[in-house]
file run11.tsv (TSV, C-alpha atoms)
chain	number	residue	atom	x	y	z
N	1	MET	CA	4.37	-10.26	64.75
N	2	LYS	CA	2.74	-11.12	68.06
N	3	ARG	CA	2.17	-14.69	66.93
N	4	TYR	CA	5.79	-15.14	65.83
N	5	ALA	CA	7.01	-13.58	69.07
N	6	LEU	CA	4.82	-16.01	71.01
N	7	ARG	CA	6.29	-18.96	69.11
N	8	VAL	CA	9.84	-17.82	69.77
N	9	LEU	CA	8.97	-17.30	73.42
N	10	SER	CA	7.55	-20.83	73.75
N	11	LEU	CA	10.73	-22.28	72.22
N	12	ALA	CA	12.89	-20.19	74.54
N	13	VAL	CA	10.90	-21.33	77.58
N	14	ALA	CA	11.29	-24.98	76.56
N	15	LEU	CA	15.06	-24.59	76.11
N	16	GLY	CA	15.34	-22.73	79.41
N	17	LEU	CA	13.44	-25.48	81.22
N	18	TRP	CA	15.68	-28.10	79.63
N	19	GLN	CA	18.81	-26.20	80.71
N	20	ALA	CA	17.55	-25.76	84.26
N	21	LEU	CA	16.54	-29.40	84.76
N	22	THR	CA	19.79	-30.81	83.35
N	23	SER	CA	22.19	-28.35	84.95
N	24	LEU	CA	20.60	-28.86	88.39
N	25	ASN	CA	20.64	-32.68	87.97
N	26	VAL	CA	16.96	-32.98	88.82
N	27	ASP	CA	15.92	-36.61	89.42
N	28	LEU	CA	12.19	-36.69	90.14
N	29	TRP	CA	11.11	-40.00	88.58
N	30	LEU	CA	12.65	-38.76	85.30
N	31	ARG	CA	16.46	-38.77	85.39
N	32	PHE	CA	17.43	-35.44	83.91
N	33	SER	CA	20.92	-35.86	85.34
N	34	GLN	CA	21.64	-38.29	82.49
N	35	PHE	CA	20.76	-35.69	79.86
N	36	PRO	CA	23.28	-33.30	78.30
N	37	THR	CA	22.60	-29.63	78.86
N	38	VAL	CA	21.61	-27.20	76.14
N	39	THR	CA	25.08	-25.68	76.19
N	40	ASP	CA	26.68	-29.12	75.70
N	41	VAL	CA	24.47	-29.78	72.69
N	42	ALA	CA	25.21	-26.31	71.29
N	43	ARG	CA	28.97	-26.89	71.58
N	44	ALA	CA	28.66	-30.29	69.89
N	45	PHE	CA	26.50	-28.80	67.16
N	46	THR	CA	29.05	-26.04	66.50
N	47	ALA	CA	31.83	-28.62	66.28
N	48	ARG	CA	29.81	-30.70	63.81
N	49	LEU	CA	29.09	-27.73	61.58
N	50	THR	CA	32.81	-27.12	61.07
N	51	GLY	CA	33.49	-30.74	60.04
N	52	PRO	CA	32.85	-32.35	56.63
N	53	ASP	CA	30.95	-35.39	57.92
N	54	TYR	CA	27.90	-33.40	59.02
N	55	TRP	CA	27.22	-31.95	55.58
N	56	THR	CA	27.87	-35.30	53.89
N	57	ASP	CA	25.35	-36.98	56.18
N	58	LEU	CA	22.87	-34.17	55.59
N	59	THR	CA	23.04	-34.36	51.79
N	60	ASP	CA	22.83	-38.17	51.80
N	61	SER	CA	19.71	-38.20	53.98
N	62	LEU	CA	18.07	-35.46	51.93
N	63	ALA	CA	18.83	-37.28	48.66
N	64	ARG	CA	17.30	-40.49	50.02
N	65	ILE	CA	14.23	-38.69	51.31
N	66	LEU	CA	13.57	-36.73	48.13
N	67	THR	CA	14.06	-39.74	45.87
N	68	GLY	CA	11.85	-42.05	47.88
N	69	PHE	CA	9.21	-39.42	48.56
N	70	LEU	CA	8.89	-38.34	44.93
N	71	LEU	CA	8.52	-41.96	43.83
N	72	ALA	CA	5.89	-42.51	46.53
N	73	ALA	CA	4.01	-39.36	45.51
N	74	VAL	CA	3.77	-40.39	41.85
N	75	LEU	CA	2.96	-44.04	42.54
N	76	GLY	CA	0.58	-43.27	45.42
N	77	VAL	CA	-1.48	-40.72	43.51
N	78	ALA	CA	-1.65	-42.89	40.38
N	79	THR	CA	-2.61	-46.03	42.31
N	80	GLY	CA	-5.12	-44.17	44.47
N	81	VAL	CA	-6.90	-42.70	41.45
N	82	LEU	CA	-6.86	-46.07	39.68
N	83	VAL	CA	-8.29	-47.98	42.63
N	84	ALA	CA	-10.95	-45.32	43.28
N	85	ARG	CA	-12.07	-45.11	39.65
N	86	SER	CA	-11.86	-48.73	38.52
N	87	ARG	CA	-13.65	-51.67	40.11
N	88	LEU	CA	-11.33	-54.10	38.33
N	89	ALA	CA	-8.26	-52.38	39.75
N	90	GLU	CA	-9.84	-52.35	43.20
N	91	ASP	CA	-10.53	-56.08	43.02
N	92	LEU	CA	-7.04	-56.90	41.75
N	93	LEU	CA	-4.90	-54.50	43.79
N	94	GLY	CA	-7.08	-53.81	46.83
N	95	PRO	CA	-6.53	-57.09	48.73
N	96	VAL	CA	-2.77	-57.06	48.15
N	97	LEU	CA	-2.41	-53.43	49.24
N	98	GLU	CA	-4.55	-53.88	52.33
N	99	VAL	CA	-2.48	-56.88	53.43
N	100	ILE	CA	0.84	-55.03	52.98
N	101	ARG	CA	-0.34	-51.68	54.38
N	102	PRO	CA	-0.33	-52.63	58.11
N	103	VAL	CA	3.26	-53.92	57.89
N	104	PRO	CA	5.68	-51.27	59.25
N	105	ALA	CA	8.07	-50.04	56.61
N	106	ILE	CA	11.05	-50.57	58.89
N	107	ALA	CA	10.11	-54.27	59.06
N	108	LEU	CA	10.91	-54.45	55.34
N	109	VAL	CA	14.63	-53.97	55.96
N	110	PRO	CA	15.38	-57.72	55.55
N	111	VAL	CA	13.32	-57.74	52.36
N	112	ALA	CA	15.24	-54.73	51.03
N	113	ILE	CA	18.58	-56.39	51.86
N	114	LEU	CA	17.54	-59.52	49.95
N	115	LEU	CA	16.04	-57.73	46.96
N	116	PHE	CA	18.41	-54.86	46.23
N	117	PRO	CA	22.14	-55.15	45.50
N	118	SER	CA	23.11	-52.02	47.49
N	119	ASN	CA	22.08	-50.50	50.80
N	120	GLU	CA	21.35	-47.19	49.09
N	121	GLN	CA	18.62	-48.68	46.92
N	122	GLY	CA	17.18	-50.55	49.90
N	123	ILE	CA	16.92	-47.36	51.98
N	124	VAL	CA	15.17	-45.55	49.12
N	125	PHE	CA	12.77	-48.51	48.80
N	126	ILE	CA	11.92	-48.34	52.52
N	127	THR	CA	11.40	-44.58	52.35
N	128	CYS	CA	9.17	-44.91	49.29
N	129	THR	CA	7.10	-47.65	50.92
N	130	ALA	CA	6.64	-45.58	54.08
N	131	ALA	CA	5.22	-42.59	52.18
N	132	PHE	CA	3.32	-44.61	49.57
N	133	PHE	CA	0.43	-45.82	51.70
N	134	PRO	CA	-0.55	-42.48	53.31
N	135	VAL	CA	-0.63	-40.91	49.85
N	136	LEU	CA	-2.56	-43.86	48.43
N	137	VAL	CA	-5.23	-43.88	51.14
N	138	SER	CA	-5.71	-40.09	51.11
N	139	THR	CA	-5.98	-39.99	47.31
N	140	ARG	CA	-8.44	-42.87	47.22
N	141	HIS	CA	-10.75	-41.27	49.78
N	142	ALA	CA	-10.48	-37.84	48.14
N	143	VAL	CA	-11.43	-39.20	44.71
N	144	ARG	CA	-14.36	-41.19	46.09
N	145	ALA	CA	-15.65	-38.13	47.96
N	146	LEU	CA	-16.01	-36.05	44.78
N	147	THR	CA	-19.55	-35.05	43.92
N	148	PRO	CA	-20.87	-36.82	40.79
N	149	VAL	CA	-22.44	-33.59	39.53
N	150	TRP	CA	-19.08	-32.27	38.31
N	151	GLU	CA	-18.40	-35.38	36.26
N	152	GLU	CA	-21.89	-35.35	34.81
N	153	ALA	CA	-21.46	-31.71	33.82
N	154	VAL	CA	-18.26	-32.51	31.90
N	155	ARG	CA	-19.92	-35.45	30.18
N	156	THR	CA	-22.85	-33.24	29.20
N	157	MET	CA	-20.46	-30.82	27.50
N	158	GLY	CA	-18.87	-33.66	25.52
N	159	GLY	CA	-15.84	-34.34	27.72
N	160	GLY	CA	-14.28	-37.79	27.71
N	161	ARG	CA	-12.52	-39.88	30.33
N	162	TRP	CA	-9.21	-38.01	30.16
N	163	ARG	CA	-11.01	-34.67	30.26
N	164	ILE	CA	-12.81	-35.73	33.43
N	165	LEU	CA	-9.55	-36.91	34.94
N	166	GLY	CA	-7.73	-33.66	34.21
N	167	SER	CA	-10.48	-31.15	34.98
N	168	VAL	CA	-12.50	-32.85	37.72
N	169	VAL	CA	-10.78	-35.77	39.45
N	170	LEU	CA	-7.24	-34.47	39.95
N	171	PRO	CA	-8.12	-30.85	40.83
N	172	GLY	CA	-10.94	-31.91	43.12
N	173	ALA	CA	-8.77	-34.44	44.94
N	174	LEU	CA	-5.81	-32.08	45.44
N	175	PRO	CA	-6.66	-31.10	49.06
N	176	GLY	CA	-6.82	-34.75	50.10
N	177	VAL	CA	-3.70	-35.61	48.09
N	178	PHE	CA	-1.62	-32.93	49.80
N	179	GLY	CA	-2.94	-34.06	53.16
N	180	GLY	CA	-1.52	-37.50	52.42
N	181	LEU	CA	1.74	-36.00	51.16
N	182	SER	CA	2.13	-34.00	54.37
N	183	VAL	CA	1.70	-37.16	56.44
N	184	GLY	CA	3.90	-39.18	54.10
N	185	ILE	CA	6.90	-36.86	54.34
N	186	GLY	CA	6.88	-37.18	58.13
N	187	VAL	CA	6.64	-40.97	58.01
N	188	SER	CA	9.44	-41.00	55.43
N	189	TRP	CA	11.79	-39.23	57.82
N	190	ILE	CA	11.02	-41.71	60.57
N	191	CYS	CA	11.73	-44.69	58.36
N	192	VAL	CA	14.79	-43.33	56.56
N	193	ILE	CA	16.47	-42.57	59.89
N	194	SER	CA	15.65	-46.06	61.17
N	195	ALA	CA	16.91	-47.64	57.94
N	196	GLU	CA	20.14	-45.66	58.12
N	197	MET	CA	20.66	-46.84	61.69
N	198	ILE	CA	20.29	-50.48	60.62
N	199	SER	CA	21.89	-50.74	57.18
N	200	GLY	CA	23.26	-47.32	56.24
N	201	GLN	CA	26.84	-46.15	55.91
N	202	TYR	CA	26.24	-42.41	55.83
N	203	GLY	CA	23.37	-40.18	56.83
N	204	VAL	CA	21.96	-38.43	59.87
N	205	GLY	CA	20.47	-41.64	61.28
N	206	TYR	CA	23.70	-43.56	60.85
N	207	ARG	CA	25.72	-40.82	62.56
N	208	THR	CA	23.21	-40.59	65.43
N	209	TRP	CA	23.45	-44.32	66.06
N	210	GLN	CA	27.24	-44.21	65.96
N	211	ASP	CA	27.22	-41.43	68.56
N	212	TYR	CA	24.98	-43.56	70.77
N	213	THR	CA	27.28	-46.58	70.53
N	214	VAL	CA	30.27	-44.50	71.69
N	215	VAL	CA	28.18	-42.84	74.45
N	216	ASP	CA	28.37	-39.38	72.88
N	217	TYR	CA	24.99	-38.12	74.07
N	218	PRO	CA	25.44	-34.48	72.95
N	219	GLY	CA	26.09	-35.87	69.44
N	220	VAL	CA	22.90	-37.94	69.70
N	221	PHE	CA	20.92	-34.80	70.48
N	222	VAL	CA	22.61	-32.99	67.58
N	223	GLY	CA	21.24	-35.71	65.30
N	224	MET	CA	17.79	-35.48	66.86
N	225	VAL	CA	17.67	-31.70	66.43
N	226	THR	CA	18.85	-32.03	62.83
N	227	ILE	CA	16.16	-34.60	62.07
N	228	GLY	CA	13.48	-32.43	63.66
N	229	VAL	CA	14.49	-29.31	61.74
N	230	LEU	CA	14.73	-31.15	58.42
N	231	GLY	CA	11.36	-32.80	58.95
N	232	TRP	CA	9.75	-29.48	59.82
N	233	LEU	CA	11.25	-27.75	56.75
N	234	THR	CA	10.19	-30.45	54.30
N	235	SER	CA	6.69	-30.73	55.78
N	236	THR	CA	6.28	-26.95	55.63
N	237	ALA	CA	7.42	-26.96	51.99
N	238	VAL	CA	4.78	-29.58	51.12
N	239	GLU	CA	2.04	-27.60	52.88
N	240	LEU	CA	3.03	-24.34	51.16
N	241	LEU	CA	3.04	-26.08	47.77
N	242	GLY	CA	-0.40	-27.50	48.53
N	243	ARG	CA	-1.78	-24.05	49.42
N	244	ARG	CA	-0.33	-22.59	46.24
N	245	MET	CA	-1.82	-25.29	44.03
N	246	THR	CA	-5.25	-25.04	45.68
N	247	ARG	CA	-5.60	-21.25	45.69
N	248	TRP	CA	-8.84	-21.59	43.76
N	249	LEU	CA	-10.52	-23.28	46.74
N	250	PRO	CA	-12.63	-21.11	49.08
N	251	ARG	CA	-10.91	-20.62	52.42
N	252	THR	CA	-13.66	-21.15	54.97
N	253	ALA	CA	-11.45	-22.35	57.83
N	254	HIS	CA	-10.96	-20.21	60.91
N	255	VAL	CA	-7.93	-17.95	60.62
N	256	PRO	CA	-6.24	-17.36	64.01
N	257	GLY	CA	-6.07	-13.69	64.92
N	258	ALA	CA	-8.73	-12.60	62.45
N	259	ARG	CA	-11.75	-10.66	63.65
N	260	GLN	CA	-14.96	-12.54	63.69
N	261	ALA	CA	-17.88	-10.88	61.99
N	262	ARG	CA	-20.75	-10.10	64.29
N	263	PRO	CA	-24.00	-11.77	63.37
N	264	VAL	CA	-26.49	-9.34	61.90
N	265	LYS	CA	-29.79	-9.36	63.72
N	266	PRO	CA	-32.78	-9.69	61.43
N	267	ALA	CA	-35.00	-6.67	61.23
N	268	PRO	CA	-38.28	-7.03	63.07
N	269	ALA	CA	-41.20	-7.79	60.86
N	270	ALA	CA	-43.67	-4.97	60.34
N	271	PRO	CA	-46.98	-5.53	62.09
N	272	ALA	CA	-49.76	-6.48	59.79
N	273	THR	CA	-52.51	-3.89	59.51
N	274	ALA	CA	-56.15	-4.53	59.21
N	275	LYS	CA	-56.07	-3.29	55.62
N	276	SER	CA	-53.35	-5.74	54.61
N	277	GLY	CA	-55.23	-8.53	56.34
N	278	SER	CA	-58.38	-7.76	54.44
N	279	VAL	CA	-56.46	-7.59	51.15
N	280	SER	CA	-54.90	-11.00	51.80
N	281	GLU	CA	-58.32	-12.48	52.60
N	282	GLU	CA	-59.77	-11.06	49.39
N	283	ALA	CA	-56.89	-12.49	47.37
N	284	ARG	CA	-57.43	-15.88	48.98
N	285	ASP	CA	-61.13	-15.80	48.20
N	286	GLU	CA	-60.45	-14.91	44.58
N	287	HIS	CA	-57.99	-17.75	44.33
N	288	LEU	CA	-60.54	-20.20	45.67
N	289	VAL	CA	-63.09	-18.98	43.18

call {"tool": "encode", "arguments": {"input": "run11.tsv", "output": "structure tokens"}}
result
Amino acid sequence: MKRYALRVLSLAVALGLWQALTSLNVDLWLRFSQFPTVTDVARAFTARLTGPDYWTDLTDSLARILTGFLLAAVLGVATGVLVARSRLAEDLLGPVLEVIRPVPAIALVPVAILLFPSNEQGIVFITCTAAFFPVLVSTRHAVRALTPVWEEAVRTMGGGRWRILGSVVLPGALPGVFGGLSVGIGVSWICVISAEMISGQYGVGYRTWQDYTVVDYPGVFVGMVTIGVLGWLTSTAVELLGRRMTRWLPRTAHVPGARQARPVKPAPAAPATAKSGSVSEEARDEHLV
């Protein structure tokens, strides 16, 4: 309870500082006088909640995120395992993937417009591409980091390639896979909002850009808060799913708030007596003989 109270307190302090700087029109290098106050954003947020457009934008953005992210999760895990386990796949796919990987997903908007007949499919493609590479890289490194002893043990007991994949490779790589999924969901939100601003018709990003064009800054901050909350909820859901699916792993990480066990001092060694010394010398002499 103390930890949750501390988190709520930190959020309240941040909001209070925001309200104070904007209401007092503080201009010390940063122009807080141009910012809307917290009360202005709260009023705009309340007005949006009562209208139908907010919920339509919310469902459209969530549908795009979930579709693109699920495709990226399946394709990224499958491609990462394939590249990590097969030299032929690494030679064929590795150079192409490494050339495409540094390209920002938002730079693929012209490609999506040319390839796909509708903006909806293009936005899903951009979202999938954004999450694909973090999942791919994390899965590839996690599979390559597995100890060969586990695979050899399965082979010794008569297990084949699919048995190794299902009982060694995928379970052992799960922590790394979910690390990539957690990063991928955040990158997906960044790119889907940017894609909606450029080529979307509905969605949180589209509405935020429209508010900016009509100089409705409280509406812009409503979109920013919505994006932040949605990103936090989806990322938390991925992390909770990862913890649930890896419950069999030993938890050796430091848990905040838990008591640390005091190191146990070793007992002092008993002093050797003359009798024990003589016995050890006799045993050594017998061994030499």

call {"tool": "residues_around", "arguments": {"input": "run11.tsv", "residues": "Glu152 (chain N)", "least_positions_apart": "5", "cutoff": "12 Å", "atoms": "all atoms listed in the file", "output": "ChimeraX atom specification"}}
result
/N:146-147,157-161,163-164,168

call {"tool": "write_last_selection", "arguments": {"input": "run11.tsv", "atoms": "C-alpha atoms", "output": "PDB file, in the frame of the given file"}}
result
ATOM      1  CA  LEU N 146     -16.010 -36.050  44.780  1.00  0.00           C
ATOM      2  CA  THR N 147     -19.550 -35.050  43.920  1.00  0.00           C
ATOM      3  CA  MET N 157     -20.460 -30.820  27.500  1.00  0.00           C
ATOM      4  CA  GLY N 158     -18.870 -33.660  25.520  1.00  0.00           C
ATOM      5  CA  GLY N 159     -15.840 -34.340  27.720  1.00  0.00           C
ATOM      6  CA  GLY N 160     -14.280 -37.790  27.710  1.00  0.00           C
ATOM      7  CA  ARG N 161     -12.520 -39.880  30.330  1.00  0.00           C
ATOM      8  CA  ARG N 163     -11.010 -34.670  30.260  1.00  0.00           C
ATOM      9  CA  ILE N 164     -12.810 -35.730  33.430  1.00  0.00           C
ATOM     10  CA  VAL N 168     -12.500 -32.850  37.720  1.00  0.00           C
TER      11      VAL N 168
END

call {"tool": "atom_distance", "arguments": {"input": "run11.tsv", "atom1": "CA of Val8 (chain N)", "atom2": "CA of Val225 (chain N)"}}
result
16.3 Å

call {"tool": "atom_distance", "arguments": {"input": "run11.tsv", "atom1": "CA of Gly242 (chain N)", "atom2": "CA of Phe178 (chain N)"}}
result
5.7 Å

call {"tool": "closest_residue", "arguments": {"input": "run11.tsv", "among": "N:Leu6, N:Val81, N:Leu233, N:Cys191", "to": "Ile126 (chain N)", "atoms": "all atoms listed in the file"}}
result
N:Cys191

call {"tool": "closest_residue", "arguments": {"input": "run11.tsv", "among": "N:Ala145, N:Leu75, N:Val204, N:Leu82", "to": "Ala63 (chain N)", "atoms": "all atoms listed in the file"}}
result
N:Val204

call {"tool": "closest_residue", "arguments": {"input": "run11.tsv", "among": "N:Leu15, N:Val96, N:Leu66, N:Leu108", "to": "Leu230 (chain N)", "atoms": "only C-alpha atoms"}}
result
N:Leu66

call {"tool": "closest_residue", "arguments": {"input": "run11.tsv", "among": "N:Ala78, N:Gly219, N:Ile227, N:Gly172", "to": "Thr46 (chain N)", "atoms": "only C-alpha atoms"}}
result
N:Gly219

call {"tool": "atom_distance", "arguments": {"input": "run11.tsv", "atom1": "CA of Ala107 (chain N)", "atom2": "CA of Ile198 (chain N)"}}
result
11.0 Å

call {"tool": "closest_residue", "arguments": {"input": "run11.tsv", "among": "N:Val214, N:Val229, N:Leu240, N:Ala153", "to": "Leu58 (chain N)", "atoms": "all atoms listed in the file"}}
result
N:Val229

call {"tool": "closest_residue", "arguments": {"input": "run11.tsv", "among": "N:Gly16, N:Pro218, N:Gly80, N:Gly122", "to": "Arg43 (chain N)", "atoms": "all atoms listed in the file"}}
result
N:Pro218

call {"tool": "build_atoms", "arguments": {"input": "run11.tsv", "residues": "region 176-187 of chain N", "atoms": "N, CA and C atoms", "output": "JSON list (two decimals), in the frame of the given file"}}
result
[["chain", "number", "residue", "atom", "x", "y", "z"],
["N", 176, "GLY", "N", -7.07, -33.48, 49.45],
["N", 176, "GLY", "CA", -6.82, -34.75, 50.10],
["N", 176, "GLY", "C", -5.46, -35.32, 49.75],
["N", 177, "VAL", "N", -5.01, -35.12, 48.51],
["N", 177, "VAL", "CA", -3.70, -35.61, 48.09],
["N", 177, "VAL", "C", -2.59, -34.94, 48.89],
["N", 178, "PHE", "N", -2.67, -33.63, 49.07],
["N", 178, "PHE", "CA", -1.62, -32.93, 49.80],
["N", 178, "PHE", "C", -1.70, -33.24, 51.30],
["N", 179, "GLY", "N", -2.87, -33.58, 51.79],
["N", 179, "GLY", "CA", -2.94, -34.06, 53.16],
["N", 179, "GLY", "C", -2.16, -35.36, 53.33],
["N", 180, "GLY", "N", -2.29, -36.26, 52.37],
["N", 180, "GLY", "CA", -1.52, -37.50, 52.42],
["N", 180, "GLY", "C", -0.03, -37.27, 52.22],
["N", 181, "LEU", "N", 0.32, -36.31, 51.36],
["N", 181, "LEU", "CA", 1.74, -36.00, 51.16],
["N", 181, "LEU", "C", 2.36, -35.41, 52.42],
["N", 182, "SER", "N", 1.61, -34.58, 53.13],
["N", 182, "SER", "CA", 2.13, -34.00, 54.37],
["N", 182, "SER", "C", 2.38, -35.08, 55.42],
["N", 183, "VAL", "N", 1.48, -36.05, 55.50],
["N", 183, "VAL", "CA", 1.70, -37.16, 56.44],
["N", 183, "VAL", "C", 2.84, -38.05, 55.96],
["N", 184, "GLY", "N", 2.89, -38.28, 54.65],
["N", 184, "GLY", "CA", 3.90, -39.18, 54.10],
["N", 184, "GLY", "C", 5.32, -38.68, 54.29],
["N", 185, "ILE", "N", 5.54, -37.37, 54.19],
["N", 185, "ILE", "CA", 6.90, -36.86, 54.34],
["N", 185, "ILE", "C", 7.39, -37.05, 55.77],
["N", 186, "GLY", "N", 6.49, -36.93, 56.74],
["N", 186, "GLY", "CA", 6.88, -37.18, 58.13],
["N", 186, "GLY", "C", 7.21, -38.64, 58.39],
["N", 187, "VAL", "N", 6.38, -39.54, 57.85],
["N", 187, "VAL", "CA", 6.64, -40.97, 58.01],
["N", 187, "VAL", "C", 7.93, -41.36, 57.30]]
